[in-house]
$ cat entry-v9.txt   # compact mmCIF, C-alpha atoms and all ligand atoms
# COMPACT_ATOMS: atom_id res chain seq x y z
CA MET A 1 11.01 -26.17 5.87
CA ASN A 2 8.16 -27.32 8.13
CA ILE A 3 4.98 -25.49 7.11
CA GLY A 4 1.86 -25.41 9.30
CA CYS A 5 -1.74 -24.39 8.78
CA VAL A 6 -4.25 -24.05 11.63
CA LYS A 7 -8.01 -23.66 11.76
CA GLU A 8 -9.16 -20.02 11.85
CA ILE A 9 -10.71 -19.10 15.21
CA LYS A 10 -12.13 -15.65 14.34
CA LYS A 11 -15.94 -15.47 14.66
CA LEU A 12 -17.68 -16.79 11.52
CA GLU A 13 -14.45 -17.08 9.54
CA PHE A 14 -14.57 -20.13 7.30
CA ARG A 15 -11.51 -19.70 5.06
CA VAL A 16 -8.27 -21.65 5.51
CA GLY A 17 -4.66 -20.67 4.76
CA LEU A 18 -3.72 -23.64 2.57
CA THR A 19 -5.70 -25.62 -0.03
CA PRO A 20 -4.68 -29.21 -0.85
CA GLY A 21 -3.43 -27.79 -4.18
CA SER A 22 -1.01 -25.48 -2.36
CA VAL A 23 0.06 -28.25 0.02
CA ASN A 24 0.87 -30.39 -3.02
CA GLU A 25 3.24 -27.67 -4.29
CA TYR A 26 5.02 -27.30 -0.94
CA VAL A 27 5.45 -31.09 -0.67
CA ARG A 28 6.76 -31.33 -4.25
CA HIS A 29 9.34 -28.68 -3.33
CA GLY A 30 10.54 -30.97 -0.52
CA HIS A 31 8.78 -29.33 2.45
CA LYS A 32 6.82 -30.98 5.23
CA VAL A 33 3.26 -29.71 5.81
CA TYR A 34 1.20 -30.01 9.01
CA ILE A 35 -2.55 -29.31 8.96
CA GLU A 36 -4.76 -29.01 12.05
CA THR A 37 -7.59 -31.53 11.79
CA ASN A 38 -10.70 -30.14 10.03
CA ALA A 39 -8.94 -26.83 9.25
CA GLY A 40 -10.16 -26.94 5.64
CA LEU A 41 -13.59 -28.50 6.15
CA ASN A 42 -15.57 -25.25 5.84
CA SER A 43 -13.78 -24.45 2.59
CA GLY A 44 -14.74 -27.82 1.15
CA PHE A 45 -11.46 -29.64 1.94
CA PRO A 46 -11.71 -32.61 4.32
CA ASP A 47 -8.56 -33.99 6.00
CA GLU A 48 -8.34 -36.89 3.51
CA GLU A 49 -7.64 -34.47 0.65
CA TYR A 50 -4.65 -33.04 2.50
CA VAL A 51 -3.38 -36.52 3.38
CA LYS A 52 -3.60 -37.55 -0.30
CA VAL A 53 -1.14 -34.81 -1.28
CA GLY A 54 1.29 -35.64 1.52
CA ALA A 55 0.28 -33.48 4.51
CA GLN A 56 0.30 -34.77 8.06
CA ILE A 57 -2.87 -34.08 10.07
CA LEU A 58 -2.36 -33.03 13.70
CA GLN A 59 -5.11 -33.00 16.32
CA THR A 60 -4.44 -29.62 17.94
CA ALA A 61 -3.43 -26.12 16.88
CA LYS A 62 -0.73 -26.20 19.59
CA GLU A 63 1.07 -29.11 17.88
CA VAL A 64 0.92 -27.37 14.49
CA TRP A 65 2.31 -24.07 15.83
CA GLU A 66 5.08 -25.88 17.72
CA LYS A 67 6.24 -28.16 14.89
CA SER A 68 6.22 -25.49 12.16
CA ASP A 69 8.91 -23.05 11.01
CA MET A 70 6.28 -21.08 9.05
CA ILE A 71 2.56 -20.77 9.83
CA VAL A 72 0.28 -19.92 6.88
CA LYS A 73 -3.08 -18.45 7.92
CA VAL A 74 -5.86 -16.19 6.66
CA LYS A 75 -6.78 -13.76 9.45
CA GLU A 76 -4.59 -12.07 12.04
CA PRO A 77 -3.83 -14.23 15.12
CA LEU A 78 -6.21 -13.59 18.03
CA ALA A 79 -5.08 -13.18 21.66
CA ASP A 80 -5.50 -16.93 22.36
CA GLU A 81 -2.88 -17.61 19.69
CA TYR A 82 -0.18 -15.23 20.97
CA GLN A 83 1.05 -17.98 23.36
CA TYR A 84 2.44 -19.84 20.32
CA PHE A 85 4.66 -16.98 19.13
CA ARG A 86 8.40 -17.63 19.44
CA GLU A 87 11.68 -16.21 18.17
CA GLY A 88 12.38 -17.05 14.52
CA LEU A 89 8.86 -18.25 13.67
CA VAL A 90 7.68 -17.01 10.26
CA LEU A 91 4.02 -15.96 10.24
CA TYR A 92 2.45 -15.48 6.80
CA THR A 93 -1.14 -14.12 6.86
CA TYR A 94 -3.33 -10.98 6.76
CA LEU A 95 -2.25 -8.88 9.75
CA HIS A 96 -3.72 -5.32 9.52
CA LEU A 97 -1.28 -4.39 12.31
CA ALA A 98 -1.91 -0.62 12.12
CA ALA A 99 -5.31 -1.37 13.63
CA ASP A 100 -4.04 -3.80 16.31
CA GLN A 101 -1.47 -2.64 18.85
CA ALA A 102 -1.76 -5.73 21.08
CA LEU A 103 -0.83 -8.03 18.20
CA THR A 104 1.99 -5.71 17.08
CA ASP A 105 3.44 -5.68 20.61
CA ALA A 106 3.18 -9.48 20.91
CA LEU A 107 4.93 -10.08 17.56
CA LEU A 108 7.72 -7.64 18.46
CA ALA A 109 8.19 -9.01 21.99
CA LYS A 110 8.45 -12.61 20.74
CA LYS A 111 10.65 -11.65 17.74
CA VAL A 112 8.32 -13.25 15.19
CA LYS A 113 9.10 -12.70 11.50
CA ALA A 114 5.63 -11.55 10.41
CA VAL A 115 4.79 -11.19 6.72
CA ALA A 116 1.45 -9.48 5.98
CA TYR A 117 -0.40 -10.39 2.78
CA GLU A 118 -1.86 -6.87 2.56
CA THR A 119 1.51 -5.07 2.43
CA ILE A 120 3.08 -7.15 -0.35
CA ILE A 121 3.32 -4.44 -3.01
CA LEU A 122 4.18 -4.82 -6.70
CA GLU A 123 6.21 -2.21 -8.59
CA ASP A 124 3.06 -0.56 -9.99
CA GLY A 125 1.75 -0.09 -6.44
CA SER A 126 -0.87 -2.85 -6.67
CA LEU A 127 -1.50 -5.30 -3.85
CA PRO A 128 -1.53 -8.83 -5.32
CA CYS A 129 -2.65 -10.65 -2.17
CA LEU A 130 -5.45 -8.14 -1.38
CA LYS A 131 -6.85 -8.09 -4.90
CA PRO A 132 -8.61 -11.49 -4.90
CA MET A 133 -10.53 -10.63 -1.72
CA SER A 134 -11.58 -7.26 -3.15
CA SER A 135 -12.84 -9.08 -6.26
CA VAL A 136 -14.93 -11.33 -4.02
CA ALA A 137 -16.21 -8.47 -1.83
CA GLY A 138 -17.25 -6.30 -4.80
CA ARG A 139 -19.25 -9.09 -6.40
CA LEU A 140 -20.73 -10.25 -3.11
CA GLY A 141 -21.60 -6.64 -2.20
CA VAL A 142 -24.12 -6.43 -5.03
CA ILE A 143 -25.66 -9.80 -4.15
CA GLU A 144 -25.99 -8.81 -0.47
CA GLY A 145 -27.25 -5.36 -1.40
CA ALA A 146 -29.91 -6.81 -3.71
CA LYS A 147 -30.98 -9.23 -0.98
CA HIS A 148 -31.27 -6.48 1.64
CA LEU A 149 -33.40 -4.38 -0.72
CA GLU A 150 -36.11 -6.98 -0.12
CA LYS A 151 -38.92 -5.71 2.12
CA VAL A 152 -38.58 -8.64 4.53
CA MET A 153 -34.89 -7.77 4.99
CA GLY A 154 -35.73 -4.16 5.88
CA GLY A 155 -35.18 -2.74 2.40
CA SER A 156 -37.42 -0.66 0.15
CA GLY A 157 -38.75 -3.69 -1.71
CA ILE A 158 -37.37 -3.10 -5.22
CA LEU A 159 -36.07 -5.99 -7.34
CA ILE A 160 -32.65 -4.97 -8.61
CA SER A 161 -33.38 -5.85 -12.26
CA GLY A 162 -37.05 -4.80 -12.21
CA VAL A 163 -39.31 -6.67 -14.67
CA PRO A 164 -40.75 -5.43 -17.99
CA GLY A 165 -43.01 -2.46 -17.27
CA THR A 166 -41.28 -1.50 -13.97
CA LYS A 167 -38.20 0.50 -13.00
CA ARG A 168 -34.79 -1.08 -12.62
CA ALA A 169 -32.98 -0.32 -9.35
CA ASN A 170 -30.44 2.52 -9.39
CA VAL A 171 -27.03 1.44 -8.11
CA ALA A 172 -24.29 3.97 -7.22
CA ILE A 173 -20.76 2.65 -6.89
CA ILE A 174 -18.31 4.96 -5.13
CA GLY A 175 -14.68 4.03 -5.85
CA ALA A 176 -13.85 2.29 -9.13
CA GLY A 177 -10.92 0.17 -7.95
CA VAL A 178 -10.94 -3.62 -7.66
CA VAL A 179 -14.02 -3.64 -5.40
CA GLY A 180 -15.82 -1.06 -7.55
CA GLU A 181 -15.08 -2.76 -10.87
CA SER A 182 -16.18 -6.12 -9.51
CA ALA A 183 -19.40 -4.62 -8.18
CA LEU A 184 -19.97 -2.91 -11.52
CA LYS A 185 -19.66 -6.15 -13.44
CA MET A 186 -22.23 -7.77 -11.17
CA ALA A 187 -24.67 -4.84 -11.08
CA VAL A 188 -24.65 -4.45 -14.88
CA GLY A 189 -25.06 -8.22 -15.20
CA LEU A 190 -28.15 -8.07 -12.98
CA GLY A 191 -29.63 -5.34 -15.15
CA ALA A 192 -29.47 -2.38 -12.75
CA ASN A 193 -28.98 1.29 -13.75
CA VAL A 194 -25.42 1.92 -12.62
CA THR A 195 -23.54 5.12 -11.82
CA VAL A 196 -19.84 4.92 -10.95
CA LEU A 197 -17.96 7.69 -9.14
CA ASP A 198 -14.20 8.04 -8.71
CA ILE A 199 -11.61 10.81 -8.52
CA ASN A 200 -9.41 8.93 -11.00
CA ILE A 201 -10.44 10.11 -14.47
CA ASP A 202 -8.31 7.44 -16.17
CA LYS A 203 -10.33 4.73 -14.43
CA LEU A 204 -13.63 6.37 -15.37
CA THR A 205 -12.43 6.68 -18.98
CA TYR A 206 -11.49 3.01 -19.04
CA LEU A 207 -14.89 1.96 -17.69
CA ASP A 208 -16.68 4.30 -20.09
CA ASP A 209 -14.79 2.68 -22.99
CA ILE A 210 -15.78 -0.81 -21.83
CA TYR A 211 -19.40 -0.28 -20.82
CA GLY A 212 -20.36 2.66 -23.06
CA ASN A 213 -23.86 3.98 -22.47
CA ARG A 214 -24.80 1.05 -20.23
CA ILE A 215 -23.35 3.00 -17.28
CA THR A 216 -22.91 6.61 -16.15
CA THR A 217 -19.52 7.75 -14.88
CA LEU A 218 -19.26 10.79 -12.60
CA TYR A 219 -16.32 12.56 -11.04
CA SER A 220 -16.46 12.02 -7.29
CA ASN A 221 -17.14 15.27 -5.43
CA SER A 222 -19.60 16.16 -2.67
CA HIS A 223 -22.22 17.47 -5.07
CA ASN A 224 -22.20 14.40 -7.31
CA ILE A 225 -22.12 12.00 -4.38
CA GLU A 226 -25.13 13.70 -2.76
CA GLU A 227 -27.06 13.57 -6.05
CA ALA A 228 -26.12 9.92 -6.64
CA CYS A 229 -27.23 9.00 -3.11
CA LYS A 230 -30.55 10.81 -3.59
CA ASN A 231 -31.29 8.76 -6.71
CA ALA A 232 -29.88 5.42 -5.54
CA ASP A 233 -31.66 2.33 -4.27
CA LEU A 234 -28.33 0.68 -3.56
CA ILE A 235 -24.95 2.31 -2.83
CA ILE A 236 -21.72 0.32 -2.82
CA SER A 237 -18.60 1.96 -1.39
CA GLY A 238 -15.17 0.62 -2.27
CA VAL A 239 -13.13 3.77 -1.63
CA LEU A 240 -9.51 3.44 -0.56
CA LEU A 241 -6.77 5.92 0.23
CA PRO A 242 -3.84 3.53 0.68
CA GLY A 243 -2.60 3.42 4.27
CA ALA A 244 -5.18 5.92 5.52
CA LYS A 245 -8.64 5.80 7.04
CA ALA A 246 -11.47 5.73 4.50
CA PRO A 247 -12.90 9.22 3.83
CA LYS A 248 -16.47 9.74 5.17
CA LEU A 249 -17.89 10.61 1.76
CA ILE A 250 -21.53 9.72 2.47
CA LYS A 251 -22.79 12.35 4.92
CA ARG A 252 -25.68 11.67 7.28
CA GLU A 253 -27.36 14.89 6.12
CA TYR A 254 -27.85 13.25 2.70
CA TYR A 255 -30.11 10.59 4.24
CA LYS A 256 -33.12 12.92 4.57
CA ASN A 257 -33.33 13.17 0.76
CA MET A 258 -32.76 9.46 0.14
CA ARG A 259 -35.46 6.83 -0.36
CA PRO A 260 -36.44 5.02 2.84
CA GLY A 261 -35.19 1.44 2.69
CA SER A 262 -32.24 2.26 0.43
CA VAL A 263 -29.21 0.11 1.18
CA ILE A 264 -25.58 1.16 1.67
CA VAL A 265 -23.04 -1.66 1.41
CA ASP A 266 -19.94 -0.11 2.99
CA ILE A 267 -17.18 -2.43 1.83
CA ALA A 268 -14.54 0.08 2.96
CA ILE A 269 -15.56 -0.67 6.56
CA ASP A 270 -12.25 -2.43 7.23
CA GLN A 271 -10.58 1.00 6.85
CA GLY A 272 -13.15 2.71 9.07
CA GLY A 273 -16.04 2.98 6.58
CA SER A 274 -17.37 5.66 4.22
CA THR A 275 -20.44 6.89 6.12
CA GLU A 276 -20.53 8.89 9.34
CA VAL A 277 -22.42 6.11 11.14
CA SER A 278 -20.63 3.00 9.85
CA LYS A 279 -19.61 0.37 12.40
CA ALA A 280 -18.34 -3.13 11.67
CA THR A 281 -20.91 -5.94 11.66
CA TYR A 282 -20.70 -9.76 11.38
CA HIS A 283 -22.36 -12.20 9.00
CA ASP A 284 -24.90 -13.29 11.63
CA LYS A 285 -26.31 -9.73 11.95
CA PRO A 286 -24.90 -7.88 8.95
CA THR A 287 -27.10 -4.77 8.90
CA PHE A 288 -28.36 -1.90 11.04
CA VAL A 289 -30.73 0.95 10.16
CA VAL A 290 -30.07 4.68 10.63
CA ASP A 291 -32.68 7.28 9.57
CA GLY A 292 -34.46 4.62 7.50
CA ILE A 293 -31.31 3.67 5.53
CA VAL A 294 -30.06 0.07 5.76
CA HIS A 295 -26.30 -0.22 6.37
CA TYR A 296 -24.42 -3.45 5.55
CA CYS A 297 -20.94 -3.25 7.12
CA VAL A 298 -19.40 -6.73 7.30
CA ALA A 299 -15.61 -6.40 7.59
CA ASN A 300 -14.76 -9.93 6.42
CA MET A 301 -17.20 -10.41 3.58
CA PRO A 302 -15.09 -13.04 1.69
CA GLY A 303 -15.36 -15.32 4.74
CA ALA A 304 -18.98 -16.00 3.76
CA VAL A 305 -17.97 -17.73 0.53
CA PRO A 306 -14.93 -19.75 1.65
CA GLN A 307 -14.96 -22.22 -1.23
CA THR A 308 -14.25 -19.35 -3.62
CA SER A 309 -12.24 -17.10 -1.31
CA THR A 310 -9.84 -19.76 0.00
CA VAL A 311 -8.92 -20.85 -3.52
CA ALA A 312 -8.67 -17.26 -4.83
CA LEU A 313 -6.44 -16.31 -1.89
CA ASN A 314 -4.14 -19.32 -2.37
CA ASN A 315 -3.81 -18.48 -6.06
CA SER A 316 -2.07 -15.25 -4.98
CA THR A 317 -0.28 -16.21 -1.75
CA LEU A 318 1.30 -19.51 -2.85
CA LYS A 319 3.98 -17.84 -4.97
CA TYR A 320 5.48 -15.84 -2.08
CA GLY A 321 4.93 -18.62 0.47
CA LEU A 322 6.90 -21.05 -1.69
CA LEU A 323 9.67 -18.51 -2.13
CA ILE A 324 9.99 -18.17 1.66
CA ALA A 325 9.92 -21.95 2.13
CA ASP A 326 12.48 -22.65 -0.61
CA LYS A 327 15.01 -19.93 0.21
CA GLY A 328 14.29 -18.93 3.80
CA LEU A 329 12.85 -15.46 4.47
CA GLU A 330 16.23 -13.67 4.39
CA GLU A 331 17.24 -14.93 0.91
CA ALA A 332 13.65 -14.70 -0.38
CA MET A 333 13.37 -11.00 0.43
CA LYS A 334 16.62 -10.32 -1.42
CA THR A 335 15.14 -11.78 -4.60
CA SER A 336 11.64 -10.28 -4.22
CA LYS A 337 11.05 -6.61 -3.38
CA PRO A 338 7.26 -7.08 -3.17
CA LEU A 339 7.82 -9.75 -0.49
CA LYS A 340 10.24 -7.48 1.41
CA TYR A 341 7.47 -4.86 1.66
CA GLY A 342 5.34 -7.57 3.23
CA ILE A 343 7.58 -7.97 6.26
CA ASN A 344 5.98 -6.02 9.13
CA THR A 345 8.00 -7.27 12.12
CA TYR A 346 11.43 -8.92 12.09
CA ASN A 347 13.48 -10.09 15.10
CA GLY A 348 11.81 -7.55 17.41
CA LYS A 349 12.02 -4.64 14.91
CA CYS A 350 9.04 -2.85 13.38
CA THR A 351 9.83 -2.88 9.66
CA CYS A 352 6.62 -1.43 8.20
CA LEU A 353 6.47 2.37 8.15
CA GLY A 354 2.66 2.57 8.39
CA VAL A 355 2.62 0.38 11.49
CA CYS A 356 5.46 2.33 13.13
CA GLN A 357 3.60 5.60 12.49
CA ALA A 358 0.37 4.18 13.92
CA PHE A 359 1.99 3.37 17.28
CA ASP A 360 4.94 5.77 17.42
CA LEU A 361 7.44 2.92 17.10
CA LYS A 362 10.96 3.26 15.74
CA TYR A 363 11.07 2.27 12.05
CA GLU A 364 13.99 -0.04 11.31
CA ALA A 365 14.59 -0.98 7.68
CA ILE A 366 15.80 -4.50 6.93
N1 LIG A 401 -15.33 -5.54 3.84
C1 LIG A 401 -14.58 -6.49 3.29
O1 LIG A 401 -14.76 -7.69 3.55
C2 LIG A 401 -13.52 -6.11 2.31
C3 LIG A 401 -12.96 -7.07 1.45
C4 LIG A 401 -12.00 -6.67 0.50
C5 LIG A 401 -11.61 -5.33 0.44
N2 LIG A 401 -12.17 -4.43 1.30
C6 LIG A 401 -11.82 -3.00 1.29
O2 LIG A 401 -12.42 -2.33 0.19
C7 LIG A 401 -11.70 -1.11 -0.04
C8 LIG A 401 -11.40 -0.96 -1.54
O3 LIG A 401 -10.46 -1.93 -1.93
P1 LIG A 401 -9.93 -1.99 -3.45
O4 LIG A 401 -9.06 -3.21 -3.52
O5 LIG A 401 -11.04 -1.83 -4.40
O6 LIG A 401 -9.01 -0.70 -3.49
P2 LIG A 401 -8.49 0.04 -4.83
O7 LIG A 401 -7.28 0.79 -4.43
O8 LIG A 401 -8.40 -0.91 -5.96
O9 LIG A 401 -9.67 1.07 -5.18
C9 LIG A 401 -9.97 2.21 -4.42
C10 LIG A 401 -10.56 3.25 -5.32
O10 LIG A 401 -11.05 4.34 -4.51
C11 LIG A 401 -10.86 5.50 -5.30
N3 LIG A 401 -11.02 6.71 -4.49
C12 LIG A 401 -10.14 7.30 -3.64
N4 LIG A 401 -10.69 8.42 -3.13
C13 LIG A 401 -11.93 8.55 -3.67
C14 LIG A 401 -12.98 9.50 -3.54
N5 LIG A 401 -12.85 10.56 -2.77
N6 LIG A 401 -14.12 9.29 -4.23
C15 LIG A 401 -14.27 8.20 -5.03
N7 LIG A 401 -13.30 7.29 -5.20
C16 LIG A 401 -12.15 7.45 -4.53
C17 LIG A 401 -9.47 5.32 -5.88
O11 LIG A 401 -9.23 6.19 -6.98
C18 LIG A 401 -9.55 3.85 -6.31
O12 LIG A 401 -10.02 3.71 -7.64
C19 LIG A 401 -10.44 -1.22 0.84
O13 LIG A 401 -10.64 -0.50 2.03
C20 LIG A 401 -10.35 -2.69 1.13
O14 LIG A 401 -9.61 -2.99 2.30
C21 LIG A 401 -13.11 -4.80 2.23

$ encode --input "entry-v9.txt" --output "structure tokens"
Amino acid sequence: MNIGCVKEIKKLEFRVGLTPGSVNEYVRHGHKVYIETNAGLNSGFPDEEYVKVGAQILQTAKEVWEKSDMIVKVKEPLADEYQYFREGLVLYTYLHLAADQALTDALLAKKVKAVAYETIILEDGSLPCLKPMSSVAGRLGVIEGAKHLEKVMGGSGILISGVPGTKRANVAIIGAGVVGESALKMAVGLGANVTVLDINIDKLTYLDDIYGNRITTLYSNSHNIEEACKNADLIISGVLLPGAKAPKLIKREYYKNMRPGSVIVDIAIDQGGSTEVSKATYHDKPTFVVDGIVHYCVANMPGAVPQTSTVALNNSTLKYGLLIADKGLEEAMKTSKPLKYGINTYNGKCTCLGVCQAFDLKYEAI
């Protein structure tokens, strides 16, 4: 198969769909790989590294889209890229279609076979191609939160670890999934006082077993969330109700009892956010202040650390990408149920229930 990888054109997105390591695997399996020039530069991979493992560098995105049977990307295609869609093309990337009707319509109209990383689902319900980015975002969330607690960044001016003779910062983590656990690891490592809230008692039990009295676990209900917010210097939200909008657990009325300059890192912003005032921000202006509380709401946090994120993403996506390349999408989905769940549009049909429900489209199983 001819595989192509183009440079991401979303604002301040520095990741790339294929690493030289992944290209090497595709080439060893007998496939041809086209890379747009400088596509990997921001992730630390110059063109020469791709050439060394057998890729061909092309000068424009147009050539890559046109020569490829499958395009491997990171973010959803933007409007400028719709012109390259054509019948039979396999598109393998994050899509988040339920939040993007224009893209859904374009993929259906052009009969693209679109496979979304975020809807590849394993038997236990976990999302293998979303997990690495949640691990990045949870860890990064604590680093960004600690930074924005600095006075010059608009925060209250507390050092997350404190120093001997002073208080440590209080960190509340709402949602103990992949984001929450990753944030917890980081916050404990930095020496903060950490409270974790979730509605899943099994998860809280697991974390209590691991961290013992170094953390406090609390069942997530309005009362406990309000109390945790009142005491917190830094709040990290990694709440997720699969397929639904994030619940607005952090009410604006809580702000009047919170410390001025406290920071909320709302990692669930890509699902709408967990506060009543959350709105998506970008890396170049990541925060805004409401009632004295600093809100950090960047929707593509992993894009800030592309050297880590690109490699972590490829570690999860390569397996399914190779399967598609080796067998063709039709045979590949017969051998892999998780991959079949990933197919969102196929020959003009909407094949993902969540997307069909979002736009009142007919669901057609494949
Ligand atoms: N902003 C970014 O750049 C970025 C990057 C990666 C992931 N995310 C987002 O972060 C969110 C979390 O992702 P994840 O992989 O950790 O999901 P996950 O499914 O692993 O974890 C979600 C957790 O939320 C818990 N939860 C559900 N309702 C709750 C409630 N009422 N109170 C407390 N906890 C509750 C669940 O029990 C679960 O433990 C998702 O929306 C994901 O898309 C954002």

$ closest_atom_pairs --input "entry-v9.txt" --of "chain A" --to "ligand LIG 401 (chain A)" --cutoff "6 Å" --atoms "only C-alpha atoms and all ligand atoms" --output "Markdown table"
| residue | atom | partner | partner_atom | distance |
| --- | --- | --- | --- | --- |
| A:Lys131 | CA | A:LIG401 | O4 | 5.5 |
| A:Met133 | CA | A:LIG401 | C4 | 4.8 |
| A:Ser134 | CA | A:LIG401 | C4 | 3.7 |
| A:Ala137 | CA | A:LIG401 | C3 | 4.8 |
| A:Ile174 | CA | A:LIG401 | C15 | 5.2 |
| A:Gly175 | CA | A:LIG401 | N7 | 3.6 |
| A:Ala176 | CA | A:LIG401 | O12 | 4.3 |
| A:Gly177 | CA | A:LIG401 | O9 | 3.2 |
| A:Val178 | CA | A:LIG401 | O5 | 3.7 |
| A:Val179 | CA | A:LIG401 | O5 | 3.6 |
| A:Gly180 | CA | A:LIG401 | O5 | 5.8 |
| A:Leu197 | CA | A:LIG401 | C15 | 5.5 |
| A:Asp198 | CA | A:LIG401 | C15 | 3.7 |
| A:Ile199 | CA | A:LIG401 | C15 | 5.1 |
| A:Asn200 | CA | A:LIG401 | O11 | 4.9 |
| A:Ser220 | CA | A:LIG401 | N6 | 4.7 |
| A:Gly238 | CA | A:LIG401 | C8 | 4.2 |
| A:Val239 | CA | A:LIG401 | O10 | 3.6 |
| A:Leu240 | CA | A:LIG401 | C9 | 4.1 |
| A:Leu241 | CA | A:LIG401 | C12 | 5.3 |
| A:Ile267 | CA | A:LIG401 | N1 | 4.1 |
| A:Ala268 | CA | A:LIG401 | O13 | 4.1 |
| A:Ile269 | CA | A:LIG401 | N1 | 5.6 |
| A:Asp270 | CA | A:LIG401 | N1 | 5.5 |
| A:Gln271 | CA | A:LIG401 | O13 | 5.0 |
| A:Val298 | CA | A:LIG401 | N1 | 5.5 |
| A:Ala299 | CA | A:LIG401 | N1 | 3.9 |
| A:Asn300 | CA | A:LIG401 | O1 | 3.6 |
| A:Met301 | CA | A:LIG401 | O1 | 3.7 |
| A:Pro302 | CA | A:LIG401 | O1 | 5.7 |

$ write_last_selection --input "entry-v9.txt" --atoms "C-alpha atoms" --output "PDB file, in the coordinates of the input"
ATOM      1  CA  LYS A 131      -6.850  -8.090  -4.900  1.00  0.00           C
ATOM      2  CA  MET A 133     -10.530 -10.630  -1.720  1.00  0.00           C
ATOM      3  CA  SER A 134     -11.580  -7.260  -3.150  1.00  0.00           C
ATOM      4  CA  ALA A 137     -16.210  -8.470  -1.830  1.00  0.00           C
ATOM      5  CA  ILE A 174     -18.310   4.960  -5.130  1.00  0.00           C
ATOM      6  CA  GLY A 175     -14.680   4.030  -5.850  1.00  0.00           C
ATOM      7  CA  ALA A 176     -13.850   2.290  -9.130  1.00  0.00           C
ATOM      8  CA  GLY A 177     -10.920   0.170  -7.950  1.00  0.00           C
ATOM      9  CA  VAL A 178     -10.940  -3.620  -7.660  1.00  0.00           C
ATOM     10  CA  VAL A 179     -14.020  -3.640  -5.400  1.00  0.00           C
ATOM     11  CA  GLY A 180     -15.820  -1.060  -7.550  1.00  0.00           C
ATOM     12  CA  LEU A 197     -17.960   7.690  -9.140  1.00  0.00           C
ATOM     13  CA  ASP A 198     -14.200   8.040  -8.710  1.00  0.00           C
ATOM     14  CA  ILE A 199     -11.610  10.810  -8.520  1.00  0.00           C
ATOM     15  CA  ASN A 200      -9.410   8.930 -11.000  1.00  0.00           C
ATOM     16  CA  SER A 220     -16.460  12.020  -7.290  1.00  0.00           C
ATOM     17  CA  GLY A 238     -15.170   0.620  -2.270  1.00  0.00           C
ATOM     18  CA  VAL A 239     -13.130   3.770  -1.630  1.00  0.00           C
ATOM     19  CA  LEU A 240      -9.510   3.440  -0.560  1.00  0.00           C
ATOM     20  CA  LEU A 241      -6.770   5.920   0.230  1.00  0.00           C
ATOM     21  CA  ILE A 267     -17.180  -2.430   1.830  1.00  0.00           C
ATOM     22  CA  ALA A 268     -14.540   0.080   2.960  1.00  0.00           C
ATOM     23  CA  ILE A 269     -15.560  -0.670   6.560  1.00  0.00           C
ATOM     24  CA  ASP A 270     -12.250  -2.430   7.230  1.00  0.00           C
ATOM     25  CA  GLN A 271     -10.580   1.000   6.850  1.00  0.00           C
ATOM     26  CA  VAL A 298     -19.400  -6.730   7.300  1.00  0.00           C
ATOM     27  CA  ALA A 299     -15.610  -6.400   7.590  1.00  0.00           C
ATOM     28  CA  ASN A 300     -14.760  -9.930   6.420  1.00  0.00           C
ATOM     29  CA  MET A 301     -17.200 -10.410   3.580  1.00  0.00           C
ATOM     30  CA  PRO A 302     -15.090 -13.040   1.690  1.00  0.00           C
TER      31      PRO A 302
END

$ atom_distance --input "entry-v9.txt" --atom1 "CA of Glu36 (chain A)" --atom2 "CA of Glu63 (chain A)"
8.2 Å

$ residues_around --input "entry-v9.txt" --residues "region 253-258 of chain A" --least-positions-apart "2" --cutoff "7 Å" --atoms "all atoms listed in the file" --output "PyMOL selection string"
chain A and resi 226+229-230+251+260+291

$ atom_distance --input "entry-v9.txt" --atom1 "CA of Gly342 (chain A)" --atom2 "CA of Ala114 (chain A)"
8.2 Å

$ atom_distance --input "entry-v9.txt" --atom1 "CA of Arg28 (chain A)" --atom2 "CA of Leu318 (chain A)"
13.1 Å

$ residues_around --input "entry-v9.txt" --residues "Ser22 (chain A)" --least-positions-apart "4" --cutoff "9 Å" --atoms "only C-alpha atoms" --output "ChimeraX atom specification"
/A:18,26-27,314-315,318

$ axis_aligned_box --input "entry-v9.txt" --around "region 187-192 of chain A" --padding-each-side "8 Å" --output "AutoDock Vina command-line options"
--center_x -27.1 --center_y -5.3 --center_z -13.1 --size_x 21.0 --size_y 21.8 --size_z 20.1

$ residues_around --input "entry-v9.txt" --residues "Thr104 (chain A)" --least-positions-apart "6" --cutoff "12 Å" --atoms "all atoms listed in the file" --output "VMD selection string"
chain A and resid 76 to 79 82 85 95 to 98 110 to 114 116 344 to 346 348 to 352 355 to 356 358 to 361
